[in-house]
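Asks: One file is attached below, start-v4.cif, containing mmCIF, C-alpha atoms.
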```
data_query
#
loop_
_atom_site.group_PDB
_atom_site.id
_atom_site.type_symbol
_atom_site.label_atom_id
_atom_site.label_comp_id
_atom_site.auth_asym_id
_atom_site.auth_seq_id
_atom_site.Cartn_x
_atom_site.Cartn_y
_atom_site.Cartn_z
ATOM 1 C CA MET T 1 0.000 0.000 0.000
ATOM 2 C CA ILE T 2 2.801 2.390 0.892
ATOM 3 C CA SER T 3 4.568 1.675 -2.395
ATOM 4 C CA SER T 4 1.535 2.943 -4.289
ATOM 5 C CA LEU T 5 1.817 6.256 -2.466
ATOM 6 C CA LEU T 6 5.473 6.754 -3.337
ATOM 7 C CA MET T 7 6.768 8.496 -6.445
ATOM 8 C CA PRO T 8 8.903 6.688 -9.016
ATOM 9 C CA PHE T 9 12.375 6.062 -7.588
ATOM 10 C CA GLU T 10 14.374 8.772 -9.363
ATOM 11 C CA ARG T 11 11.738 11.433 -8.851
ATOM 12 C CA GLY T 12 11.373 10.370 -5.237
ATOM 13 C CA ILE T 13 15.131 10.646 -4.687
ATOM 14 C CA ARG T 14 15.018 14.167 -6.128
ATOM 15 C CA VAL T 15 12.238 15.090 -3.700
ATOM 16 C CA ALA T 16 14.093 13.535 -0.737
ATOM 17 C CA GLY T 17 17.302 15.299 -1.803
ATOM 18 C CA GLY T 18 15.419 18.586 -2.159
ATOM 19 C CA LEU T 19 13.958 18.295 1.330
ATOM 20 C CA VAL T 20 17.347 17.435 2.813
ATOM 21 C CA LEU T 21 18.953 20.340 0.945
ATOM 22 C CA LEU T 22 16.257 22.766 2.109
ATOM 23 C CA GLY T 23 16.682 21.548 5.707
ATOM 24 C CA LEU T 24 20.448 21.993 5.504
ATOM 25 C CA ILE T 25 20.104 25.511 4.065
ATOM 26 C CA ILE T 26 17.771 26.494 6.915
ATOM 27 C CA GLU T 27 20.116 24.927 9.473
ATOM 28 C CA LEU T 28 23.159 26.685 7.993
ATOM 29 C CA PHE T 29 21.334 30.014 8.051
ATOM 30 C CA THR T 30 20.133 29.622 11.638
ATOM 31 C CA MET T 31 23.616 28.683 12.877
ATOM 32 C CA PHE T 32 24.726 32.230 12.083
ATOM 33 C CA TRP T 33 21.480 34.041 12.809
ATOM 34 C CA SER T 34 21.852 35.926 16.068
ATOM 35 C CA HIS T 35 18.284 35.782 17.275
ATOM 36 C CA PRO T 36 16.498 34.081 20.205
ATOM 37 C CA THR T 37 14.269 32.170 17.790
ATOM 38 C CA SER T 38 17.112 30.726 15.737
ATOM 39 C CA ILE T 39 17.030 27.496 17.761
ATOM 40 C CA ILE T 40 13.286 27.170 17.081
ATOM 41 C CA TRP T 41 13.790 27.617 13.356
ATOM 42 C CA TYR T 42 16.655 25.147 13.490
ATOM 43 C CA MET T 43 14.613 22.477 15.247
ATOM 44 C CA THR T 44 11.223 22.921 13.590
ATOM 45 C CA PHE T 45 11.796 24.002 9.990
ATOM 46 C CA GLY T 46 15.398 22.852 9.474
ATOM 47 C CA GLY T 47 15.060 19.631 11.443
ATOM 48 C CA GLY T 48 11.564 19.016 10.046
ATOM 49 C CA CYS T 49 12.647 19.264 6.384
ATOM 50 C CA LEU T 50 15.709 17.150 7.116
ATOM 51 C CA ALA T 51 13.659 14.473 8.892
ATOM 52 C CA MET T 52 11.041 14.384 6.102
ATOM 53 C CA GLY T 53 13.761 14.040 3.459
ATOM 54 C CA VAL T 54 15.512 11.228 5.324
ATOM 55 C CA LEU T 55 12.209 9.470 6.034
ATOM 56 C CA TYR T 56 11.114 9.695 2.417
ATOM 57 C CA TYR T 57 14.469 8.268 1.316
ATOM 58 C CA VAL T 58 14.095 5.345 3.739
ATOM 59 C CA LEU T 59 10.538 4.687 2.524
ATOM 60 C CA LEU T 60 11.805 4.708 -1.063
ATOM 61 C CA LEU T 61 14.548 2.240 -0.172
ATOM 62 C CA VAL T 62 12.144 -0.129 1.547
ATOM 63 C CA TRP T 63 8.984 0.166 -0.555
ATOM 64 C CA GLY T 64 10.015 2.134 -3.656
ATOM 65 C CA LYS T 65 10.069 0.509 -7.082
ATOM 66 C CA LYS T 66 13.330 1.062 -8.913
ATOM 67 C CA ASP T 67 12.705 2.434 -12.442
ATOM 68 C CA GLU T 68 13.837 0.210 -15.266
ATOM 69 C CA MET F 1 23.565 37.602 21.129
ATOM 70 C CA PRO F 2 26.895 35.817 21.060
ATOM 71 C CA GLU F 3 29.086 35.917 18.008
ATOM 72 C CA PRO F 4 29.393 32.591 16.178
ATOM 73 C CA SER F 5 31.835 30.434 18.125
ATOM 74 C CA LEU F 6 34.547 28.198 16.749
ATOM 75 C CA PRO F 7 32.333 25.054 16.779
ATOM 76 C CA THR F 8 29.717 27.014 14.824
ATOM 77 C CA ALA F 9 32.312 27.960 12.257
ATOM 78 C CA ILE F 10 33.614 24.395 12.050
ATOM 79 C CA ILE F 11 30.187 22.843 11.462
ATOM 80 C CA VAL F 12 29.898 24.787 8.212
ATOM 81 C CA ILE F 13 32.241 22.259 6.597
ATOM 82 C CA PRO F 14 30.046 19.155 7.182
ATOM 83 C CA ILE F 15 26.878 21.129 6.391
ATOM 84 C CA VAL F 16 28.294 22.304 3.057
ATOM 85 C CA LEU F 17 29.561 18.783 2.341
ATOM 86 C CA ALA F 18 26.100 17.386 3.074
ATOM 87 C CA MET F 19 24.559 20.041 0.811
ATOM 88 C CA LEU F 20 26.904 19.133 -2.042
ATOM 89 C CA MET F 21 26.088 15.447 -1.628
ATOM 90 C CA ALA F 22 22.347 16.198 -1.607
ATOM 91 C CA CYS F 23 22.779 18.272 -4.774
ATOM 92 C CA LEU F 24 24.668 15.408 -6.415
ATOM 93 C CA VAL F 25 21.893 12.866 -5.821
ATOM 94 C CA MET F 26 19.271 15.401 -6.911
ATOM 95 C CA ILE F 27 21.068 16.068 -10.185
ATOM 96 C CA LYS F 28 21.891 12.423 -10.892
ATOM 97 C CA PRO F 29 19.514 10.145 -8.982
ATOM 98 C CA SER F 30 20.295 7.299 -11.373
ATOM 99 C CA ILE F 31 23.660 6.760 -9.653
ATOM 100 C CA LEU F 32 21.788 5.328 -6.671
ATOM 101 C CA LYS F 33 20.867 2.222 -8.639
ATOM 102 C CA ASP F 34 24.237 0.486 -8.514
ATOM 103 C CA GLY F 35 26.225 -0.678 -5.471
ATOM 104 C CA GLY F 36 28.687 2.221 -5.118
ATOM 105 C CA GLY F 37 25.989 4.771 -5.815
ATOM 106 C CA GLN F 38 23.794 3.294 -3.124
ATOM 107 C CA ILE F 39 26.519 4.008 -0.574
ATOM 108 C CA VAL F 40 26.771 7.589 -1.853
ATOM 109 C CA GLY F 41 22.991 7.896 -1.601
ATOM 110 C CA PHE F 42 22.969 6.469 1.920
ATOM 111 C CA CYS F 43 25.626 8.976 2.996
ATOM 112 C CA ALA F 44 23.932 11.896 1.213
ATOM 113 C CA LEU F 45 20.353 11.256 2.321
ATOM 114 C CA PHE F 46 20.754 9.481 5.652
ATOM 115 C CA LEU F 47 24.118 9.426 7.382
ATOM 116 C CA LEU F 48 25.334 12.983 6.757
ATOM 117 C CA PRO F 49 22.013 14.818 7.292
ATOM 118 C CA ILE F 50 21.379 13.021 10.582
ATOM 119 C CA SER F 51 24.949 13.520 11.838
ATOM 120 C CA VAL F 52 25.052 17.163 10.810
ATOM 121 C CA GLY F 53 21.581 17.807 12.251
ATOM 122 C CA LEU F 54 22.554 16.336 15.617
ATOM 123 C CA MET F 55 25.884 18.179 15.732
ATOM 124 C CA GLY F 56 24.206 21.465 14.886
ATOM 125 C CA GLY F 57 21.511 20.792 17.462
ATOM 126 C CA LEU F 58 24.137 20.345 20.158
ATOM 127 C CA ILE F 59 25.828 23.599 19.170
ATOM 128 C CA GLN F 60 22.493 25.456 19.083
ATOM 129 C CA SER F 61 21.596 24.003 22.471
ATOM 130 C CA ASP F 62 24.982 25.066 23.847
ATOM 131 C CA GLN F 63 24.534 28.614 22.552
ATOM 132 C CA ALA F 64 21.101 28.783 24.174
ATOM 133 C CA GLN F 65 22.775 28.377 27.578
ATOM 134 C CA THR F 66 24.790 31.576 27.366
ATOM 135 C CA THR F 67 24.060 34.666 29.435
ATOM 136 C CA GLU F 68 23.956 36.782 26.275
ATOM 137 C CA TYR F 69 21.298 34.486 24.835
ATOM 138 C CA CYS F 70 19.117 34.676 27.966
ATOM 139 C CA LEU F 71 19.439 38.453 28.054
ATOM 140 C CA SER F 72 18.758 38.872 24.338
ATOM 141 C CA CYS F 73 15.029 39.185 25.085
ATOM 142 C CA HIS F 74 14.436 42.816 26.101
ATOM 143 C CA ILE F 75 12.137 41.768 28.921
ATOM 144 C CA MET F 76 15.224 40.405 30.696
ATOM 145 C CA ASP F 77 17.117 43.728 30.541
ATOM 146 C CA ASP F 78 16.544 44.512 34.221
ATOM 147 C CA TRP F 79 17.817 41.104 35.263
ATOM 148 C CA GLY F 80 20.943 41.693 33.201
ATOM 149 C CA LYS F 81 21.307 45.102 34.814
ATOM 150 C CA SER F 82 20.990 43.578 38.280
ATOM 151 C CA LEU F 83 24.122 41.512 37.622
ATOM 152 C CA HIS F 84 26.120 44.731 37.402
ATOM 153 C CA VAL F 85 24.851 46.573 40.456
ATOM 154 C CA ASP F 86 27.794 47.595 42.627
ATOM 155 C CA ASP F 87 26.440 46.142 45.853
ATOM 156 C CA ASN F 88 27.580 42.752 47.073
ATOM 157 C CA GLU F 89 24.370 42.295 49.058
ATOM 158 C CA PHE F 90 22.828 41.335 45.723
ATOM 159 C CA VAL F 91 23.609 37.616 45.576
ATOM 160 C CA PRO F 92 23.529 37.256 41.754
ATOM 161 C CA ALA F 93 25.628 40.416 41.246
ATOM 162 C CA ASP F 94 28.207 39.211 43.774
ATOM 163 C CA HIS F 95 28.430 35.828 42.059
ATOM 164 C CA PHE F 96 28.577 37.313 38.574
ATOM 165 C CA GLN F 97 31.121 40.027 39.245
ATOM 166 C CA ASN F 98 33.447 37.849 41.310
ATOM 167 C CA TYR F 99 33.444 34.923 38.874
ATOM 168 C CA LEU F 100 31.750 32.643 41.411
ATOM 169 C CA VAL F 101 29.756 31.432 38.421
ATOM 170 C CA PRO F 102 30.999 31.403 34.826
ATOM 171 C CA GLN F 103 29.983 34.831 33.534
ATOM 172 C CA ASP F 104 29.059 33.552 30.110
ATOM 173 C CA ARG F 105 26.608 31.032 31.573
ATOM 174 C CA SER F 106 25.527 32.648 34.806
ATOM 175 C CA CYS F 107 21.741 32.477 34.148
ATOM 176 C CA TYR F 108 21.866 28.828 33.162
ATOM 177 C CA VAL F 109 24.165 27.697 35.986
ATOM 178 C CA CYS F 110 21.957 29.164 38.704
ATOM 179 C CA HIS F 111 18.541 28.677 37.115
ATOM 180 C CA SER F 112 18.657 25.182 35.663
ATOM 181 C CA ASP F 113 17.734 22.376 38.035
ATOM 182 C CA GLN F 114 20.842 20.470 39.064
ATOM 183 C CA VAL F 115 19.327 17.068 38.363
ATOM 184 C CA TRP F 116 19.781 14.750 35.389
ATOM 185 C CA TYR F 117 16.729 16.149 33.619
ATOM 186 C CA GLY F 118 17.580 19.770 34.474
ATOM 187 C CA GLY F 119 18.806 20.570 30.973
ATOM 188 C CA ILE F 120 15.611 19.195 29.423
ATOM 189 C CA THR F 121 13.402 21.169 31.819
ATOM 190 C CA ALA F 122 15.393 24.308 31.042
ATOM 191 C CA LYS F 123 14.905 23.797 27.300
ATOM 192 C CA ILE F 124 11.147 23.246 27.698
ATOM 193 C CA ARG F 125 10.899 26.401 29.794
ATOM 194 C CA GLY F 126 12.969 28.258 27.209
ATOM 195 C CA LEU F 127 10.552 27.203 24.464
ATOM 196 C CA LYS F 128 7.681 28.381 26.624
ATOM 197 C CA HIS F 129 9.400 31.764 27.049
ATOM 198 C CA VAL F 130 9.813 32.136 23.283
ATOM 199 C CA TYR F 131 6.120 31.251 22.835
ATOM 200 C CA VAL F 132 5.049 33.855 25.411
ATOM 201 C CA GLN F 133 7.369 36.458 23.877
ATOM 202 C CA TYR F 134 6.026 36.102 20.345
ATOM 203 C CA ILE F 135 2.528 34.628 20.618
ATOM 204 C CA GLY F 136 1.293 34.836 24.211
ATOM 205 C CA ASP F 137 0.822 37.772 26.558
ATOM 206 C CA THR F 138 4.170 39.139 27.644
ATOM 207 C CA PRO F 139 4.054 39.884 31.389
ATOM 208 C CA GLU F 140 5.410 43.002 33.015
ATOM 209 C CA PRO F 141 8.959 42.426 34.311
ATOM 210 C CA LYS F 142 7.755 42.870 37.913
ATOM 211 C CA ASP F 143 5.261 40.031 37.417
ATOM 212 C CA ILE F 144 7.884 37.511 36.309
ATOM 213 C CA LYS F 145 8.429 34.909 39.001
ATOM 214 C CA LEU F 146 10.307 31.626 39.250
ATOM 215 C CA TYR F 147 8.301 28.509 38.384
ATOM 216 C CA ASP F 148 9.121 26.991 41.767
ATOM 217 C CA PRO F 149 10.708 28.399 44.916
ATOM 218 C CA TYR F 150 14.490 28.473 44.509
ATOM 219 C CA HIS F 151 15.937 25.122 45.580
ATOM 220 C CA ASN F 152 19.060 25.072 47.776
ATOM 221 C CA ARG F 153 20.401 22.280 45.561
ATOM 222 C CA GLU F 154 21.350 24.925 43.002
ATOM 223 C CA CYS F 155 23.480 26.743 45.606
ATOM 224 C CA LEU F 156 24.919 23.559 47.039
ATOM 225 C CA GLN F 157 26.199 22.347 43.680
ATOM 226 C CA CYS F 158 29.137 24.686 44.344
ATOM 227 C CA HIS F 159 29.026 25.518 48.037
ATOM 228 C CA GLN F 160 28.546 22.089 49.581
ATOM 229 C CA GLY F 161 31.825 20.820 50.940
ATOM 230 C CA ALA F 162 33.466 24.257 50.792
ATOM 231 C CA ARG F 163 34.994 25.355 54.088
ATOM 232 C CA SER F 164 33.399 28.797 53.829
ATOM 233 C CA TYR F 165 30.013 27.098 53.756
ATOM 234 C CA GLU F 166 30.475 24.097 56.035
ATOM 235 C CA GLU F 167 32.336 25.903 58.831
ATOM 236 C CA SER F 168 30.615 29.269 58.671
ATOM 237 C CA ARG F 169 29.304 30.243 62.109
ATOM 238 C CA HIS F 170 26.230 31.708 60.426
ATOM 239 C CA HIS F 171 25.390 28.255 59.104
ATOM 240 C CA ARG F 172 25.876 26.685 62.531
ATOM 241 C CA LYS F 173 23.830 29.060 64.651
ATOM 242 C CA GLU F 174 21.546 26.164 65.504
ATOM 243 C CA ALA F 175 22.536 22.519 65.956
ATOM 244 C CA ASP F 176 20.643 21.156 62.946
ATOM 245 C CA MET F 177 20.872 24.258 60.755
ATOM 246 C CA LEU F 178 23.303 22.827 58.224
ATOM 247 C CA THR F 179 21.177 19.699 57.852
ATOM 248 C CA ARG F 180 18.065 21.797 57.299
ATOM 249 C CA ILE F 181 19.840 23.864 54.639
ATOM 250 C CA ASN F 182 21.209 20.764 52.927
ATOM 251 C CA THR F 183 17.776 19.181 52.784
ATOM 252 C CA ASN F 184 16.113 22.383 51.532
ATOM 253 C CA VAL F 185 13.981 22.683 54.658
ATOM 254 C CA LEU F 186 15.592 26.046 55.399
ATOM 255 C CA SER F 187 15.910 28.092 52.234
ATOM 256 C CA CYS F 188 19.148 29.938 51.568
ATOM 257 C CA MET F 189 17.181 32.674 49.833
ATOM 258 C CA GLU F 190 14.290 33.178 52.189
ATOM 259 C CA SER F 191 15.929 32.847 55.559
ATOM 260 C CA LYS F 192 16.863 36.551 55.789
ATOM 261 C CA CYS F 193 20.465 35.623 55.099
ATOM 262 C CA HIS F 194 20.789 35.829 51.323
ATOM 263 C CA ASP F 195 17.414 37.357 50.623
ATOM 264 C CA ILE F 196 18.508 40.073 48.182
ATOM 265 C CA GLN F 197 18.561 38.523 44.762
ATOM 266 C CA HIS F 198 17.837 40.358 41.515
ATOM 267 C CA ASN F 199 15.392 42.789 43.229
ATOM 268 C CA ILE F 200 14.832 44.639 39.957
ATOM 269 C CA GLU F 201 12.363 47.050 41.536
ATOM 270 C CA GLU F 202 15.212 48.497 43.621
ATOM 271 C CA LEU F 203 17.562 49.118 40.701
ATOM 272 C CA ASP F 204 16.140 52.585 40.057
ATOM 273 C CA ASP F 205 17.499 53.633 43.452
ATOM 274 C CA TYR F 206 21.031 53.236 42.141
ATOM 275 C CA GLU F 207 22.831 55.936 40.182
ATOM 276 C CA PRO F 208 24.317 54.977 36.797
ATOM 277 C CA ASP F 209 27.826 55.081 38.279
ATOM 278 C CA GLU F 210 26.794 52.491 40.856
ATOM 279 C CA PHE F 211 26.812 49.772 38.246
ATOM 280 C CA TRP F 212 29.956 47.790 37.705
ATOM 281 C CA GLN F 213 31.664 47.996 34.347
ATOM 282 C CA GLU F 214 34.129 45.241 33.629
ATOM 283 C CA THR F 215 37.578 46.654 32.923
ATOM 284 C CA THR F 216 39.273 45.284 29.857
ATOM 285 C CA ASN F 217 43.046 45.126 29.609
#
```
I'd like the structure from this file rewritten - as structure tokens, please.
Replies:
Amino acid sequence: MISSLLMPFERGIRVAGGLVLLGLIIELFTMFWSHPTSIIWYMTFGGGCLAMGVLYYVLLLVWGKKDE
Amino acid sequence: MPEPSLPTAIIVIPIVLAMLMACLVMIKPSILKDGGGQIVGFCALFLLPISVGLMGGLIQSDQAQTTEYCLSCHIMDDWGKSLHVDDNEFVPADHFQNYLVPQDRSCYVCHSDQVWYGGITAKIRGLKHVYVQYIGDTPEPKDIKLYDPYHNRECLQCHQGARSYEESRHHRKEADMLTRINTNVLSCMESKCHDIQHNIEELDDYEPDEFWQETTN
């Protein structure tokens, strides 16, 4: 059932990579942002994008169908 | 707010490396189909992001313990000011100015519970403060109180065992006084001994030149 929800492998990897990249950009920005909320942005938006990207990659590995 | 520290500067390298790896798999996802490419993919989309995220989280968490961070909310200005009052009756000012606590972490050292979960509690409270600052109703400085009465444990983390504490005649006025202090039955702060803490409402009574300025060599 999960495999039917996932994108084709290559497209899915692009999405996972995009989420990871977005998370890393947010994390890099917040590391140098001198503001009391930087830790919140780091954990919620940065960490959230990163976690979604990693999770999607794992789902693709386990249930994804490799394109021919 | 503190300037970026050395660990902050160093973490840029793994973050940029992780970004480059993520870009690589985005541009050429087909490389993930063979054996070597799968390892690259695993590093780019699992190992590196998780490692970098955790490392960065530790650095962020560390930065959130600094005095500058705590005082970066304007509502805390008076508390910051109270650390500089030139009157050693003020317990926090005496500790801050005489390096009895690390100056760069003075808020955290005295106000985080000295138990194994103290750091977690402090973080949860910190999140609550950010919520109140930006979304909730910000209280007047005079209405800000501690969550719980100050626990002697926080004082004893440094003072217990010290001769100045253990042998002080003030602490031995009564036979069981030391025991009552050690077990938090008799509060250090409320026993009319060390009862002047931040007392921000009294700061207006001091002239500007009655605040300590650290001399720099």
Asks: Give me the chain T side of the contact with chain F, cut-off 10 Å, one line per residue showing its nearest atom pair and distance in Å at one decimal, counting all atoms listed in the file, sorted by chain and residue number, as a tab-separated table.
Replies:
```
residue	atom	partner	partner_atom	distance
T:Phe9	CA	F:Pro29	CA	8.3
T:Glu10	CA	F:Pro29	CA	5.3
T:Arg11	CA	F:Pro29	CA	7.9
T:Gly12	CA	F:Pro29	CA	9.0
T:Ile13	CA	F:Pro29	CA	6.2
T:Arg14	CA	F:Met26	CA	4.5
T:Val15	CA	F:Met26	CA	7.7
T:Ala16	CA	F:Leu45	CA	7.3
T:Gly17	CA	F:Ala22	CA	5.1
T:Gly18	CA	F:Met26	CA	6.9
T:Leu19	CA	F:Ala22	CA	9.1
T:Val20	CA	F:Ala22	CA	6.8
T:Leu21	CA	F:Met19	CA	5.6
T:Leu22	CA	F:Met19	CA	8.8
T:Gly23	CA	F:Pro49	CA	8.7
T:Leu24	CA	F:Met19	CA	6.5
T:Ile25	CA	F:Met19	CA	7.8
T:Glu27	CA	F:Gly56	CA	7.6
T:Leu28	CA	F:Ile15	CA	6.9
T:Thr30	CA	F:Gln60	CA	8.9
T:Met31	CA	F:Thr8	CA	6.6
T:Phe32	CA	F:Pro4	CA	6.2
T:Trp33	CA	F:Pro4	CA	8.7
T:Ser34	CA	F:Met1	CA	5.6
T:His35	CA	F:Met1	CA	6.8
T:Pro36	CA	F:Tyr69	CA	6.7
T:Thr37	CA	F:Val130	CA	7.1
T:Ser38	CA	F:Gln60	CA	8.2
T:Ile39	CA	F:Gln60	CA	6.0
T:Ile40	CA	F:Leu127	CA	7.9
T:Tyr42	CA	F:Gly57	CA	7.6
T:Met43	CA	F:Gly57	CA	7.4
T:Gly46	CA	F:Gly53	CA	8.4
T:Gly47	CA	F:Gly53	CA	6.8
T:Leu50	CA	F:Pro49	CA	6.7
T:Ala51	CA	F:Ile50	CA	8.0
T:Gly53	CA	F:Leu45	CA	7.2
T:Val54	CA	F:Phe46	CA	5.5
T:Leu55	CA	F:Phe46	CA	8.6
T:Tyr56	CA	F:Leu45	CA	9.4
T:Tyr57	CA	F:Leu45	CA	6.7
T:Val58	CA	F:Phe46	CA	8.1
T:Leu61	CA	F:Phe42	CA	9.7
T:Lys66	CA	F:Lys33	CA	7.6
T:Asp67	CA	F:Lys33	CA	9.0
T:Glu68	CA	F:Lys33	CA	9.9
```
Asks: Show which residues sit within 12 Å of Pro102 of chain F, as a ChimeraX atom specification. Count only C-alpha atoms, and ignore same-chain residues fewer than 6 positions away.
Replies: /F:65-67,92,95-96,108-110,158
Asks: Rounded to one decimal, what separation in Å do you get between atom CA of Leu60 of chain T and atom CA of Leu58 of chain F?
Replies: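 So the answer is 29.1 Å.
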Asks: Segment 55-59 of chain T, all listed atoms, 3 Å padding on each side: what axis-aligned box centre and edge lengths in Å to one decimal come out, as lines of an AutoDock Vina configuration file?
Replies:
```
center_x = 12.5
center_y = 7.2
center_z = 3.7
size_x = 9.9
size_y = 11.0
size_z = 10.7
```
Asks: Which value, in Å to one decimal, gives the distance between atom CA of Cys188 of chain F and atom CA of Gln213 of chain F?
Replies: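 Straight-line distance from atom CA of Cys188 of chain F to atom CA of Gln213 of chain F works out to 27.9 Å.
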Asks: Using only C-alpha atoms, which residue out of F:Tyr117, F:Tyr165, F:Tyr206, F:Tyr150 lies closest to Asn184 of chain F?
Replies: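 For Asn184 of chain F, the nearest of the candidates is F:Tyr150.
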Asks: So the first atom is atom CA of Lys145 of chain F and the second is atom CA of Ser82 of chain F; what is the distance between them in Å, to one decimal place?
Replies: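 Atom CA of Lys145 of chain F sits 15.3 Å away from atom CA of Ser82 of chain F.
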Asks: Would you kindly translate the PyMOL selection byres ((chain F and resi 209-211) around 7) into the concrete residues it picks from this file, as a VMD selection string?
Replies: chain F and resid 84 to 86 206 to 208 212 to 213
Asks: For the selection you just gave me, I'd like the residues written to a file as a PDB file, in the frame of the given file, keeping C-alpha atoms.
Replies:
```
ATOM      1  CA  HIS F  84      26.120  44.731  37.402  1.00  0.00           C
ATOM      2  CA  VAL F  85      24.851  46.573  40.456  1.00  0.00           C
ATOM      3  CA  ASP F  86      27.794  47.595  42.627  1.00  0.00           C
ATOM      4  CA  TYR F 206      21.031  53.236  42.141  1.00  0.00           C
ATOM      5  CA  GLU F 207      22.831  55.936  40.182  1.00  0.00           C
ATOM      6  CA  PRO F 208      24.317  54.977  36.797  1.00  0.00           C
ATOM      7  CA  TRP F 212      29.956  47.790  37.705  1.00  0.00           C
ATOM      8  CA  GLN F 213      31.664  47.996  34.347  1.00  0.00           C
TER       9      GLN F 213
END
```
Asks: Go through F:Ile39, F:Ile144, F:Val115, F:Ala93 and flag the residue nearest His129 of chain F, using only C-alpha atoms for the distances.
Replies: F:Ile144
Asks: Name the residues captured by the PyMOL selection byres ((chain F and resi 202) around 12) when it is applied to the shown file; answer as number ranges by chain.
Replies: F: 78-79, 81-82, 85, 87, 90, 142, 196-201, 203-207
Asks: Using only C-alpha atoms, which of F:Glu174, F:Asp77, F:Glu89, F:Asp62 sits nearest Asp104 of chain F?
Replies: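 Of F:Glu174, F:Asp77, F:Glu89, F:Asp62, the one nearest Asp104 of chain F, counting only C-alpha atoms, is F:Asp62.
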Asks: With only C-alpha atoms as the atoms that count, which of T:Gly64, T:Leu59, T:Phe45, T:Met7 lies nearest to Phe29 of chain T?
Replies: T:Phe45
Asks: Pop segment 98-111 of chain F out of the structure in the block and write C-alpha atoms as a PDB file, in the first residue's frame.
Replies:
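Saved to decode-v8.pdb:
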```pdb
ATOM      1  CA  ASN F  98      33.447  37.849  41.310  1.00  0.00           C
ATOM      2  CA  TYR F  99      33.444  34.923  38.874  1.00  0.00           C
ATOM      3  CA  LEU F 100      31.750  32.643  41.411  1.00  0.00           C
ATOM      4  CA  VAL F 101      29.756  31.432  38.421  1.00  0.00           C
ATOM      5  CA  PRO F 102      30.999  31.403  34.826  1.00  0.00           C
ATOM      6  CA  GLN F 103      29.983  34.831  33.534  1.00  0.00           C
ATOM      7  CA  ASP F 104      29.059  33.552  30.110  1.00  0.00           C
ATOM      8  CA  ARG F 105      26.608  31.032  31.573  1.00  0.00           C
ATOM      9  CA  SER F 106      25.527  32.648  34.806  1.00  0.00           C
ATOM     10  CA  CYS F 107      21.741  32.477  34.148  1.00  0.00           C
ATOM     11  CA  TYR F 108      21.866  28.828  33.162  1.00  0.00           C
ATOM     12  CA  VAL F 109      24.165  27.697  35.986  1.00  0.00           C
ATOM     13  CA  CYS F 110      21.957  29.164  38.704  1.00  0.00           C
ATOM     14  CA  HIS F 111      18.541  28.677  37.115  1.00  0.00           C
TER      15      HIS F 111
END
```
